[in-house]
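Shown next: target_12.cif, containing mmCIF, C-alpha atoms and all ligand atoms.
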```
data_structure
#
loop_
_atom_site.label_atom_id
_atom_site.label_comp_id
_atom_site.auth_asym_id
_atom_site.auth_seq_id
_atom_site.Cartn_x
_atom_site.Cartn_y
_atom_site.Cartn_z
CA MET A 1 105.55 227.43 150.96
CA THR A 2 105.47 224.05 149.29
CA PRO A 3 108.76 222.46 148.11
CA VAL A 4 108.67 222.99 144.35
CA ARG A 5 106.93 226.35 144.62
CA ASP A 6 109.63 227.39 147.03
CA THR A 7 112.54 226.26 144.89
CA THR A 8 111.16 227.81 141.69
CA ALA A 9 110.14 231.07 143.38
CA GLY A 10 113.44 232.85 142.74
CA ARG A 11 113.95 231.59 139.18
CA ARG A 12 113.33 233.44 135.98
CA ILE A 13 113.21 230.36 133.79
CA VAL A 14 111.76 226.99 134.64
CA VAL A 15 112.06 224.05 132.23
CA CYS A 16 109.84 221.02 132.80
CA VAL A 17 111.39 217.78 131.61
CA GLY A 18 110.50 214.11 131.85
CA SER A 19 109.34 211.20 129.75
CA GLY A 20 106.12 211.29 127.72
CA GLY A 21 102.72 211.45 129.36
CA VAL A 22 103.91 212.07 132.91
CA GLY A 23 102.38 215.52 133.18
CA LYS A 24 105.04 217.94 131.95
CA THR A 25 102.60 220.19 130.15
CA THR A 26 100.23 220.19 133.11
CA VAL A 27 102.95 220.93 135.66
CA ALA A 28 104.42 223.66 133.46
CA ALA A 29 101.03 225.35 133.22
CA ALA A 30 100.41 224.95 136.96
CA ILE A 31 103.75 226.52 137.91
CA ALA A 32 103.08 229.42 135.56
CA LEU A 33 99.54 229.97 136.79
CA ASP A 34 100.66 229.86 140.38
CA ARG A 35 103.20 232.65 139.92
CA ALA A 36 100.70 234.72 137.93
CA LEU A 37 98.14 234.41 140.73
CA ALA A 38 100.80 235.61 143.16
CA GLY A 39 101.50 238.72 141.08
CA GLY A 40 104.14 237.76 138.51
CA ARG A 41 104.18 238.53 134.80
CA VAL A 42 104.49 235.02 133.48
CA LEU A 43 104.73 233.24 130.14
CA VAL A 44 104.18 229.53 129.67
CA CYS A 45 105.41 228.01 126.41
CA THR A 46 103.53 224.80 125.82
CA ILE A 47 104.08 222.09 123.28
CA ASP A 48 101.12 220.11 122.03
CA PRO A 49 98.82 220.85 124.97
CA ALA A 50 95.63 218.82 125.17
CA ARG A 51 92.85 220.65 123.35
CA ARG A 52 90.90 221.44 126.51
CA LEU A 53 93.96 222.79 128.29
CA ALA A 54 94.77 224.94 125.26
CA ASN A 55 91.22 226.27 125.40
CA ALA A 56 91.50 227.00 129.09
CA LEU A 57 94.62 229.03 128.38
CA GLY A 58 92.86 230.85 125.56
CA LEU A 59 95.19 229.35 122.95
CA THR A 60 93.60 229.00 119.57
CA SER A 61 96.44 229.16 117.07
CA LEU A 62 99.86 227.63 116.66
CA GLY A 63 102.82 229.60 115.55
CA ASN A 64 104.83 231.10 118.39
CA VAL A 65 102.27 233.78 119.24
CA GLU A 66 102.12 234.95 122.85
CA SER A 67 98.65 235.74 124.10
CA ARG A 68 97.43 236.88 127.48
CA VAL A 69 94.92 234.73 129.34
CA PRO A 70 91.95 237.09 129.68
CA ASP A 71 90.54 238.07 133.07
CA HIS A 72 87.20 236.42 132.41
CA LYS A 73 88.90 233.02 132.16
CA PHE A 74 90.20 233.54 135.69
CA ALA A 75 86.83 234.76 136.90
CA GLU A 76 85.09 231.70 135.42
CA ALA A 77 87.48 229.50 137.40
CA GLY A 78 86.81 231.48 140.59
CA LEU A 79 90.33 232.93 140.55
CA ARG A 80 91.81 236.39 140.52
CA ALA A 81 95.29 236.94 139.17
CA LYS A 82 97.37 239.65 140.80
CA GLY A 83 99.77 239.31 137.88
CA GLU A 84 99.48 238.28 134.23
CA LEU A 85 99.51 234.89 132.61
CA HIS A 86 100.60 234.68 128.98
CA ALA A 87 100.69 231.49 127.02
CA MET A 88 101.86 230.29 123.66
CA MET A 89 102.19 227.10 121.69
CA LEU A 90 105.63 226.46 120.36
CA ASP A 91 105.95 225.75 116.69
CA GLY A 92 109.32 224.19 115.89
CA LYS A 93 109.13 224.71 112.14
CA ARG A 94 108.38 228.37 112.58
CA THR A 95 111.30 228.78 114.98
CA TRP A 96 113.63 227.25 112.41
CA ASP A 97 112.42 229.69 109.79
CA ASP A 98 112.98 232.61 112.14
CA LEU A 99 116.47 231.35 112.84
CA VAL A 100 117.30 231.15 109.14
CA ALA A 101 115.90 234.62 108.62
CA ARG A 102 118.10 235.95 111.39
CA HIS A 103 121.32 234.40 110.14
CA ALA A 104 120.87 234.74 106.40
CA PRO A 105 123.11 237.50 105.02
CA ASP A 106 120.49 238.71 102.51
CA PRO A 107 116.85 238.14 101.54
CA ALA A 108 117.80 236.15 98.45
CA ARG A 109 119.74 233.64 100.49
CA ARG A 110 116.96 233.42 103.02
CA GLU A 111 114.42 232.64 100.32
CA ARG A 112 116.70 230.10 98.74
CA ILE A 113 117.00 228.16 101.99
CA LEU A 114 113.37 228.43 103.01
CA LYS A 115 112.29 227.16 99.60
CA ASN A 116 114.74 224.28 99.60
CA ARG A 117 112.86 221.00 99.82
CA LEU A 118 115.50 219.36 101.95
CA TYR A 119 115.38 222.23 104.41
CA GLN A 120 111.61 222.03 104.56
CA GLN A 121 111.78 218.37 105.43
CA MET A 122 114.67 218.68 107.81
CA SER A 123 113.27 221.59 109.76
CA SER A 124 110.11 219.66 110.50
CA ALA A 125 111.59 216.21 110.88
CA LEU A 126 115.26 216.24 111.85
CA ALA A 127 115.63 214.18 115.01
CA GLY A 128 116.02 216.40 118.01
CA SER A 129 115.28 219.56 116.08
CA GLN A 130 112.01 220.08 117.93
CA GLU A 131 113.78 219.79 121.26
CA TYR A 132 116.49 222.15 120.22
CA MET A 133 114.06 224.63 118.78
CA ALA A 134 112.23 224.77 122.08
CA MET A 135 115.48 225.86 123.72
CA GLU A 136 116.24 228.25 120.91
CA LYS A 137 112.87 229.93 121.34
CA LEU A 138 113.43 230.08 125.07
CA TYR A 139 116.69 231.89 124.49
CA GLU A 140 115.00 234.43 122.28
CA LEU A 141 112.18 235.03 124.77
CA ALA A 142 114.53 235.23 127.72
CA THR A 143 116.67 237.78 125.89
CA ASP A 144 114.02 239.93 124.23
CA ARG A 145 111.15 239.99 126.74
CA ASP A 146 110.81 241.10 130.32
CA TYR A 147 108.69 238.38 131.90
CA ASP A 148 109.30 237.69 135.59
CA LEU A 149 109.09 234.02 134.80
CA ILE A 150 109.10 231.91 131.64
CA VAL A 151 108.04 228.30 132.01
CA LEU A 152 109.02 225.98 129.20
CA ASP A 153 107.29 222.72 128.49
CA THR A 154 109.31 220.17 126.48
CA PRO A 155 108.24 217.88 123.63
CA PRO A 156 106.73 214.45 124.20
CA THR A 157 109.75 212.47 123.06
CA ALA A 158 110.58 208.97 124.13
CA HIS A 159 114.03 210.23 124.96
CA ALA A 160 113.79 213.22 127.19
CA LEU A 161 117.51 213.95 126.85
CA ASP A 162 117.34 214.63 123.14
CA PHE A 163 117.37 218.37 123.39
CA LEU A 164 120.83 218.35 124.98
CA ASP A 165 122.29 216.49 122.01
CA ALA A 166 120.22 218.15 119.33
CA PRO A 167 122.41 221.23 118.75
CA ASP A 168 125.47 219.08 118.14
CA ARG A 169 123.55 216.86 115.82
CA ILE A 170 122.16 219.76 113.87
CA LEU A 171 125.54 221.45 113.68
CA ASP A 172 127.11 218.18 112.61
CA PHE A 173 124.63 218.00 109.83
CA LEU A 174 125.04 221.59 108.71
CA GLY A 175 128.78 221.43 108.88
CA ASN A 176 128.86 217.90 107.55
CA ASP A 177 132.34 217.25 106.31
CA ALA A 178 131.37 213.94 104.76
CA ALA A 179 128.73 215.62 102.63
CA ARG A 180 131.21 218.34 101.69
CA VAL A 181 133.79 215.81 100.62
CA LEU A 182 131.26 213.84 98.63
CA LEU A 183 130.00 216.91 96.91
CA ALA A 184 133.40 218.53 96.56
CA PRO A 185 133.72 217.86 92.84
CA ALA A 186 130.47 219.68 92.31
CA ILE A 187 131.13 222.61 94.61
CA GLY A 188 134.12 223.79 92.67
CA ALA A 189 136.51 226.32 94.19
CA GLY A 190 135.19 229.83 93.91
CA LYS A 191 132.08 228.71 92.10
CA LEU A 192 128.73 229.62 93.50
CA GLY A 193 125.80 227.34 93.06
CA LEU A 194 125.79 223.69 92.46
CA ARG A 195 126.63 222.61 88.94
CA LEU A 196 124.67 219.56 88.14
CA ALA A 197 126.72 218.90 85.07
CA GLN A 198 129.84 218.65 87.18
CA LEU A 199 128.09 216.69 89.84
CA GLY A 200 127.07 214.11 87.33
CA GLY A 201 130.70 213.55 86.47
CA GLY A 202 131.95 212.15 89.77
CA TYR A 203 131.61 208.48 90.54
CA VAL A 204 130.38 209.07 94.11
CA ALA A 205 127.89 211.62 92.96
CA LYS A 206 126.63 209.27 90.27
CA THR A 207 126.15 206.48 92.76
CA LEU A 208 124.45 208.76 95.25
CA ALA A 209 122.17 210.08 92.58
CA ARG A 210 121.13 206.56 91.70
CA PHE A 211 119.93 205.99 95.23
CA THR A 212 118.55 209.36 96.08
CA GLY A 213 117.51 210.69 92.73
CA GLN A 214 119.12 213.62 90.98
CA ALA A 215 116.65 216.08 92.46
CA ALA A 216 117.35 215.09 96.06
CA LEU A 217 121.07 215.32 95.50
CA SER A 218 120.79 218.68 93.92
CA ASP A 219 118.67 219.80 96.90
CA LEU A 220 121.32 218.62 99.31
CA GLY A 221 124.09 220.39 97.49
CA ASP A 222 122.06 223.52 97.27
CA PHE A 223 121.16 223.28 100.91
CA LEU A 224 124.72 222.94 102.14
CA GLN A 225 125.76 225.70 99.80
CA GLY A 226 122.98 227.89 101.15
CA PHE A 227 124.19 227.40 104.67
CA GLN A 228 127.79 228.20 103.86
CA GLY A 229 128.99 231.01 106.06
CA MET A 230 125.94 230.73 108.29
CA TYR A 231 127.41 227.81 110.14
CA GLU A 232 129.37 230.01 112.54
CA GLY A 233 126.28 232.01 113.43
CA PHE A 234 124.36 228.87 114.26
CA LYS A 235 127.23 227.51 116.27
CA ASP A 236 127.60 230.69 118.36
CA ARG A 237 123.90 230.69 118.96
CA ALA A 238 123.84 227.06 120.11
CA GLY A 239 126.68 227.90 122.50
CA ALA A 240 124.73 230.85 123.89
CA VAL A 241 121.60 228.72 124.37
CA ARG A 242 123.65 226.16 126.25
CA ALA A 243 125.24 228.83 128.43
CA LEU A 244 121.80 230.23 129.26
CA LEU A 245 120.63 226.83 130.47
CA SER A 246 123.37 226.58 133.07
CA ARG A 247 122.71 229.99 134.62
CA PRO A 248 121.46 229.97 138.24
CA GLU A 249 118.26 231.82 137.31
CA VAL A 250 117.27 228.70 135.37
CA GLY A 251 115.75 225.71 137.11
CA PHE A 252 114.91 222.34 135.61
CA VAL A 253 111.95 220.58 137.14
CA LEU A 254 112.00 216.83 136.63
CA VAL A 255 108.52 215.43 136.26
CA THR A 256 107.94 211.72 136.66
CA SER A 257 105.16 209.24 137.20
CA PRO A 258 105.70 206.44 139.73
CA SER A 259 106.25 203.92 136.92
CA PRO A 260 109.72 202.31 136.93
CA ILE A 261 110.43 203.36 133.32
CA SER A 262 109.62 206.96 134.00
CA ILE A 263 111.66 206.92 137.23
CA ASP A 264 114.68 205.42 135.46
CA GLU A 265 114.42 208.09 132.85
CA ALA A 266 114.21 210.83 135.48
CA MET A 267 117.34 209.38 137.14
CA ALA A 268 119.21 209.35 133.84
CA PHE A 269 118.06 212.87 133.10
CA HIS A 270 119.19 214.06 136.47
CA GLU A 271 122.64 212.56 135.98
CA ARG A 272 122.95 214.17 132.61
CA LEU A 273 121.84 217.61 133.80
CA HIS A 274 124.22 217.34 136.70
CA ALA A 275 127.11 216.38 134.39
CA GLU A 276 126.29 219.38 132.18
CA SER A 277 126.13 221.71 135.22
CA MET A 278 122.52 222.51 134.53
CA PRO A 279 120.59 223.40 137.68
CA VAL A 280 117.92 220.91 138.81
CA ALA A 281 115.48 222.94 140.90
CA GLY A 282 113.07 220.23 141.93
CA LEU A 283 111.26 217.04 141.31
CA VAL A 284 107.55 216.35 140.83
CA ALA A 285 106.23 212.82 141.31
CA ASN A 286 102.91 213.07 139.53
CA ARG A 287 99.87 210.77 139.36
CA VAL A 288 100.92 208.92 142.47
CA THR A 289 98.50 206.45 144.06
CA PRO A 290 97.38 208.08 147.31
CA ASP A 291 98.02 206.35 150.62
CA LEU A 292 94.51 205.66 151.95
CA TRP A 293 95.62 204.01 155.18
CA PRO A 294 98.57 206.10 156.37
CA GLY A 295 100.79 205.10 159.26
CA ALA A 296 101.67 201.61 160.32
CA ALA A 297 98.15 200.66 161.44
CA PRO A 298 97.15 197.17 160.26
CA LEU A 299 94.65 197.06 157.41
CA PRO A 300 91.03 196.42 158.41
CA SER A 301 89.63 192.91 158.15
CA PRO A 302 86.27 192.23 156.46
CA GLU A 303 84.81 191.99 159.97
CA ASP A 304 86.19 195.42 160.89
CA LEU A 305 84.49 196.86 157.82
CA ALA A 306 81.19 195.05 158.23
CA SER A 307 79.80 197.16 161.02
CA PRO A 308 80.74 200.66 159.67
CA LEU A 309 79.15 199.56 156.40
CA GLY A 310 75.89 199.28 158.31
CA GLU A 311 73.05 197.40 156.76
CA ARG A 312 74.84 196.70 153.50
CA GLY A 313 77.87 195.22 155.29
CA GLY A 314 75.64 193.20 157.59
CA ASN A 315 73.52 191.77 154.80
CA ASP A 316 76.28 191.18 152.28
CA ARG A 317 79.37 189.58 153.82
CA GLY A 318 80.96 189.37 150.37
CA PHE A 319 80.79 193.15 150.01
CA ALA A 320 82.92 193.79 153.11
CA ARG A 321 85.40 191.14 151.98
CA ARG A 322 85.72 192.64 148.50
CA LEU A 323 86.18 196.08 149.97
CA ALA A 324 88.92 194.85 152.32
CA GLU A 325 90.67 193.14 149.40
CA THR A 326 90.45 196.21 147.20
CA LEU A 327 91.89 198.37 149.94
CA ALA A 328 94.73 195.89 150.52
CA GLU A 329 95.56 195.84 146.79
CA HIS A 330 95.40 199.61 146.60
CA GLN A 331 97.76 199.93 149.56
CA MET A 332 100.16 197.44 148.05
CA LEU A 333 100.31 199.52 144.88
CA ALA A 334 100.77 202.72 146.88
CA ALA A 335 103.60 201.13 148.89
CA ALA A 336 105.35 199.82 145.75
CA GLU A 337 105.18 203.26 144.13
CA ARG A 338 106.44 204.88 147.28
CA ARG A 339 109.44 202.52 147.43
CA ALA A 340 110.28 203.18 143.79
CA LEU A 341 110.03 206.94 144.35
CA GLU A 342 112.15 206.84 147.53
CA ARG A 343 114.99 205.53 145.38
CA LEU A 344 114.61 208.59 143.17
CA PHE A 345 114.28 211.09 146.03
CA GLU A 346 117.47 209.71 147.55
CA ALA A 347 119.42 209.88 144.29
CA VAL A 348 118.25 213.38 143.41
CA SER A 349 119.01 215.74 146.24
CA ALA A 350 116.45 218.38 145.25
CA PRO A 351 113.16 219.46 146.81
CA TYR A 352 110.33 217.25 145.67
CA ALA A 353 106.55 217.25 145.62
CA VAL A 354 104.24 214.27 145.43
CA VAL A 355 101.04 214.93 143.47
CA PRO A 356 98.31 212.30 143.68
CA ARG A 357 96.54 210.82 140.72
CA LEU A 358 93.43 212.92 140.52
CA GLU A 359 90.00 211.62 139.67
CA SER A 360 89.89 213.42 136.35
CA ASP A 361 92.18 215.14 133.88
CA VAL A 362 93.53 218.55 134.71
CA HIS A 363 92.26 220.71 131.89
CA ASP A 364 91.12 224.02 133.34
CA LEU A 365 92.51 226.89 135.39
CA ARG A 366 90.76 225.73 138.54
CA GLY A 367 92.27 222.24 138.22
CA LEU A 368 95.72 223.72 137.55
CA ALA A 369 95.46 226.00 140.57
CA ARG A 370 94.53 223.04 142.73
CA LEU A 371 97.42 221.01 141.38
CA ALA A 372 99.77 223.92 142.05
CA GLU A 373 98.80 223.78 145.73
CA ARG A 374 100.42 220.35 145.86
CA LEU A 375 103.69 221.50 144.32
N1 LIG A 401 97.87 214.45 138.83
C1 LIG A 401 97.11 214.13 137.79
N2 LIG A 401 95.96 213.43 137.97
C2 LIG A 401 95.17 213.10 136.94
N3 LIG A 401 95.44 213.43 135.66
C3 LIG A 401 96.57 214.11 135.40
C4 LIG A 401 97.45 214.51 136.45
N4 LIG A 401 98.49 215.18 135.87
C5 LIG A 401 98.26 215.20 134.55
N5 LIG A 401 97.11 214.56 134.26
C6 LIG A 401 96.51 214.34 132.92
O1 LIG A 401 97.35 213.44 132.23
C7 LIG A 401 97.38 213.74 130.82
C8 LIG A 401 98.81 213.90 130.36
O2 LIG A 401 99.36 215.06 130.95
P1 LIG A 401 100.34 216.02 130.16
O3 LIG A 401 100.65 217.17 131.06
O4 LIG A 401 99.80 216.34 128.83
O5 LIG A 401 101.62 215.06 130.02
P2 LIG A 401 102.96 215.30 129.19
O6 LIG A 401 103.03 216.74 128.82
O7 LIG A 401 104.08 214.89 130.10
O8 LIG A 401 102.86 214.40 128.00
C9 LIG A 401 96.51 214.98 130.66
O9 LIG A 401 95.26 214.59 130.22
C10 LIG A 401 96.44 215.58 132.07
O10 LIG A 401 95.24 216.29 132.28
MG MG A 402 103.12 217.54 126.86
#
```

Go ahead and express the file in the form of structure tokens.
Ligand SMILES: Nc1ncnc2c1ncn2[C@@H]1O[C@H](COP(=O)(O)OP(=O)(O)O)[C@@H](O)[C@H]1O
Ligand SMILES: [Mg+2]
Amino acid sequence: MTPVRDTTAGRRIVVCVGSGGVGKTTVAAAIALDRALAGGRVLVCTIDPARRLANALGLTSLGNVESRVPDHKFAEAGLRAKGELHAMMLDGKRTWDDLVARHAPDPARRERILKNRLYQQMSSALAGSQEYMAMEKLYELATDRDYDLIVLDTPPTAHALDFLDAPDRILDFLGNDAARVLLAPAIGAGKLGLRLAQLGGGYVAKTLARFTGQAALSDLGDFLQGFQGMYEGFKDRAGAVRALLSRPEVGFVLVTSPSPISIDEAMAFHERLHAESMPVAGLVANRVTPDLWPGAAPLPSPEDLASPLGERGGNDRGFARRLAETLAEHQMLAAAERRALERLFEAVSAPYAVVPRLESDVHDLRGLARLAERL
């Protein structure tokens, strides 16, 4: 068994986190494929996969639809799955709508919220909402389906920690006391619906309207009104999602590149997960410069290289020198990356895997299976 494979083997939910572009989506798909090959019934939830990877997984449409990777895709890659691999692309907006539908007390209220312009903007743009919605969807899948393993990819945000804060931010917004106070004159006691006439009367409302426009203000009032009474449902749900994430069957896999920024972010993420009692299962250092001259042996001199290069090395002294220099530079880079990663491996006491930078992108099942071997 390899370290990350080993540590994720007993888990039912694996969440891949890390800064943008480090390989989260790729690693998530590789972990899922690996378990499916070994016989598991697996679902990978991806977010914005590269087109070719989406194709390889047989994903053609957005919108929270699970679809099974067909056998012929495995056969084309020279693989045979003992289990099943299902994949889907997460759609944050759609998850919001589902959530509203679930909590709305009646169809009229549901329609009123879904049609609200402010809601439409917020559900697709509110900071952190995409992160939170990924977790929300995970909760639903983990509760309603019977996969042996669900692997969740996370959005390509600059701040990988956003999803932990997102529920609070969303709840703050929905239960926004400031907005309630400001709109209080308009939302009269016992009155349903926002009375624009009344709203226009208050000084604060007048001022707000001047900046935001009457329509926007009326949308906001209507929106908060629409959510009245649903706040508790949302809050309970966010609590349940959080509780799920700290269960032992869940494992976070931190993915990082050897770049200092990405390592710092992985460190910060680890600290945060630890503080929140969320289980870190393992660490993947991805796209690492391979060590071409392992051990402590001194690097070859141009003279050392000249003779194995044969005729070319003999005829062109400059060629052997350039090759020796390139190797030395390469090794320096590999050593610097290694040192930076050691710092991380020491700080995070979890099993880790080092995956080299491969010659080409990983965009098909065969490439994913090969990458999984290194996990
Ligand atoms: N070990 C690797 N070697 C070479 N290319 C890689 C490796 N891991 C990932 N990639 C490529 O890097 C790009 C970004 O990976 P991706 O998984 O989409 O990152 P993220 O989801 O973290 O933004 C993709 O084109 C992917 O094929
Ligand atoms: Mg991604």

Given a cut-off of 12 Å, what residues near ligand MG 402 (chain A) show up using all atoms listed in the file, put as a PyMOL selection string?
chain A and resi 16-29+45-51+53-54+89-90+152-158+160+255

Residues near Pro260 in chain A, cut-off 9 Å, only C-alpha atoms, skip fewer than 2 positions along chain, as a PyMOL selection string:
chain A and resi 257-258+262-265+337+340-341

Fill in: For Ala285 in chain A, the nearest of the candidates A:Leu138, A:Leu368, A:Leu375, A:Leu43, counting all atoms listed in the file
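Of all the options, A:Leu375 lies closest to Ala285 in chain A.
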
Worksheet entry | Who sits within 10 Å of Ala281 in chain A, only C-alpha atoms, same chain under 4 positions skipped, as a PyMOL selection string | chain A and resi 3-8+11+14-15+248-254+349-352

* Separation of CA of Ser246 in chain A from CA of Val280 in chain A in Å ->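 Taking CA of Val280 in chain A and CA of Ser246 in chain A, their separation equals 9.7 Å.
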
Could you check which of A:Val65, A:Val348, A:Leu358, A:Val288 is closest to ligand LIG 401 (chain A), using only C-alpha atoms and all ligand atoms?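 Residue with the minimum atom-to-atom distance to ligand LIG 401 (chain A): A:Leu358.
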
Coordinates-based distance that separates CA of Asp168 in chain A from CA of Leu149 in chain A (Å, one decimal)
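These two atoms are separated by 27.7 Å.
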
To test the calculation: enclose all listed atoms of ligand LIG 401 (chain A) in a box whose edges run along x, y and z, add 6 Å on each side, then state centre and edge lengths in Å to one decimal, as lines of an AutoDock Vina configuration file.
```
center_x = 99.6
center_y = 215.1
center_z = 133.4
size_x = 20.9
size_y = 16.1
size_z = 22.8
```

The distance between CA of Val42 in chain A and CA of Asp148 in chain A is 5.9 Å

Min atom-atom distance to ligand LIG 401 (chain A) from the set A:Met332, A:Ile31, A:Leu327, A:Ala9, counting only C-alpha atoms and all ligand atoms, belongs to A:Ile31

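Minimum distance to ligand LIG 401 (chain A) across A:Ala369, A:Ala81, A:Val362, A:Leu273 (counting all atoms listed in the file) occurs at A:Val362.
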
Ligand LIG 401 (chain A) proximity check over A:Val44, A:Ala328, A:Thr289, A:Ala296, using only C-alpha atoms and all ligand atoms: winner is A:Thr289

(Q) as a list of chain:residue names, please: the residues near Leu244 in chain A (cut-off 12 Å, only C-alpha atoms, same-chain neighbours under 5 positions excluded). (A)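 In the requested form, the answer reads A:Arg12, A:Ile13, A:Val14, A:Val15, A:Met135, A:Glu136, A:Lys137, A:Leu138, A:Tyr139, A:Glu140, A:Leu141, A:Ala142, A:Thr143, A:Arg237, A:Ala238, A:Gly239, A:Glu249, A:Val250, A:Gly251, A:Ser277, A:Met278, A:Pro279.
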
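Taking all atoms listed in the file into account, ligand LIG 401 (chain A) lies nearest to A:Asp364 out of the set A:Asp98, A:Asp364, A:Asp106, A:Glu76.
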
Please, which residues are within 9 Å of (121.0, 232.0, 110.2) by the file's coordinates, counting all atoms listed in the file, and could they come as a list in words?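 Counting all atoms listed in the file, I find these residues within 9 Å of (121.0, 232.0, 110.2): Asp97, Asp98, Leu99, Val100, Ala101, Arg102, His103, Ala104, Pro105, Arg110, Phe227, Met230, Tyr231, Glu232, Gly233 and Phe234 of chain A.
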
Output of range 280-292 of chain A limited to N, CA and C atoms, as a PDB file, in the first residue's frame:
```pdb
ATOM      1  N   VAL A 280      -7.417  15.315   9.159  1.00  0.00           N
ATOM      2  CA  VAL A 280      -6.520  15.375   8.001  1.00  0.00           C
ATOM      3  C   VAL A 280      -5.977  13.961   7.766  1.00  0.00           C
ATOM      4  N   ALA A 281      -6.349  13.380   6.626  1.00  0.00           N
ATOM      5  CA  ALA A 281      -5.954  12.000   6.361  1.00  0.00           C
ATOM      6  C   ALA A 281      -4.557  11.934   5.766  1.00  0.00           C
ATOM      7  N   GLY A 282      -4.225  12.861   4.908  1.00  0.00           N
ATOM      8  CA  GLY A 282      -2.926  12.781   4.260  1.00  0.00           C
ATOM      9  C   GLY A 282      -2.595  14.019   3.474  1.00  0.00           C
ATOM     10  N   LEU A 283      -1.426  13.949   2.881  1.00  0.00           N
ATOM     11  CA  LEU A 283      -0.849  15.105   2.220  1.00  0.00           C
ATOM     12  C   LEU A 283      -0.318  14.644   0.872  1.00  0.00           C
ATOM     13  N   VAL A 284      -0.591  15.412  -0.180  1.00  0.00           N
ATOM     14  CA  VAL A 284      -0.020  15.075  -1.485  1.00  0.00           C
ATOM     15  C   VAL A 284       0.813  16.257  -1.969  1.00  0.00           C
ATOM     16  N   ALA A 285       2.118  16.040  -2.113  1.00  0.00           N
ATOM     17  CA  ALA A 285       2.975  17.048  -2.735  1.00  0.00           C
ATOM     18  C   ALA A 285       2.995  16.713  -4.215  1.00  0.00           C
ATOM     19  N   ASN A 286       2.373  17.571  -5.009  1.00  0.00           N
ATOM     20  CA  ASN A 286       2.180  17.260  -6.425  1.00  0.00           C
ATOM     21  C   ASN A 286       3.067  18.133  -7.305  1.00  0.00           C
ATOM     22  N   ARG A 287       3.387  17.640  -8.479  1.00  0.00           N
ATOM     23  CA  ARG A 287       4.197  18.366  -9.462  1.00  0.00           C
ATOM     24  C   ARG A 287       5.561  18.721  -8.903  1.00  0.00           C
ATOM     25  N   VAL A 288       6.155  17.755  -8.234  1.00  0.00           N
ATOM     26  CA  VAL A 288       7.460  17.964  -7.617  1.00  0.00           C
ATOM     27  C   VAL A 288       8.557  17.631  -8.637  1.00  0.00           C
ATOM     28  N   THR A 289       9.597  18.443  -8.665  1.00  0.00           N
ATOM     29  CA  THR A 289      10.728  18.195  -9.558  1.00  0.00           C
ATOM     30  C   THR A 289      11.434  16.916  -9.126  1.00  0.00           C
ATOM     31  N   PRO A 290      11.537  15.937 -10.026  1.00  0.00           N
ATOM     32  CA  PRO A 290      12.134  14.668  -9.615  1.00  0.00           C
ATOM     33  C   PRO A 290      13.634  14.789  -9.359  1.00  0.00           C
ATOM     34  N   ASP A 291      14.113  13.986  -8.422  1.00  0.00           N
ATOM     35  CA  ASP A 291      15.534  13.946  -8.101  1.00  0.00           C
ATOM     36  C   ASP A 291      16.216  13.036  -9.116  1.00  0.00           C
ATOM     37  N   LEU A 292      17.005  13.599 -10.016  1.00  0.00           N
ATOM     38  CA  LEU A 292      17.613  12.802 -11.087  1.00  0.00           C
ATOM     39  C   LEU A 292      18.950  12.203 -10.674  1.00  0.00           C
TER      40      LEU A 292
END
```
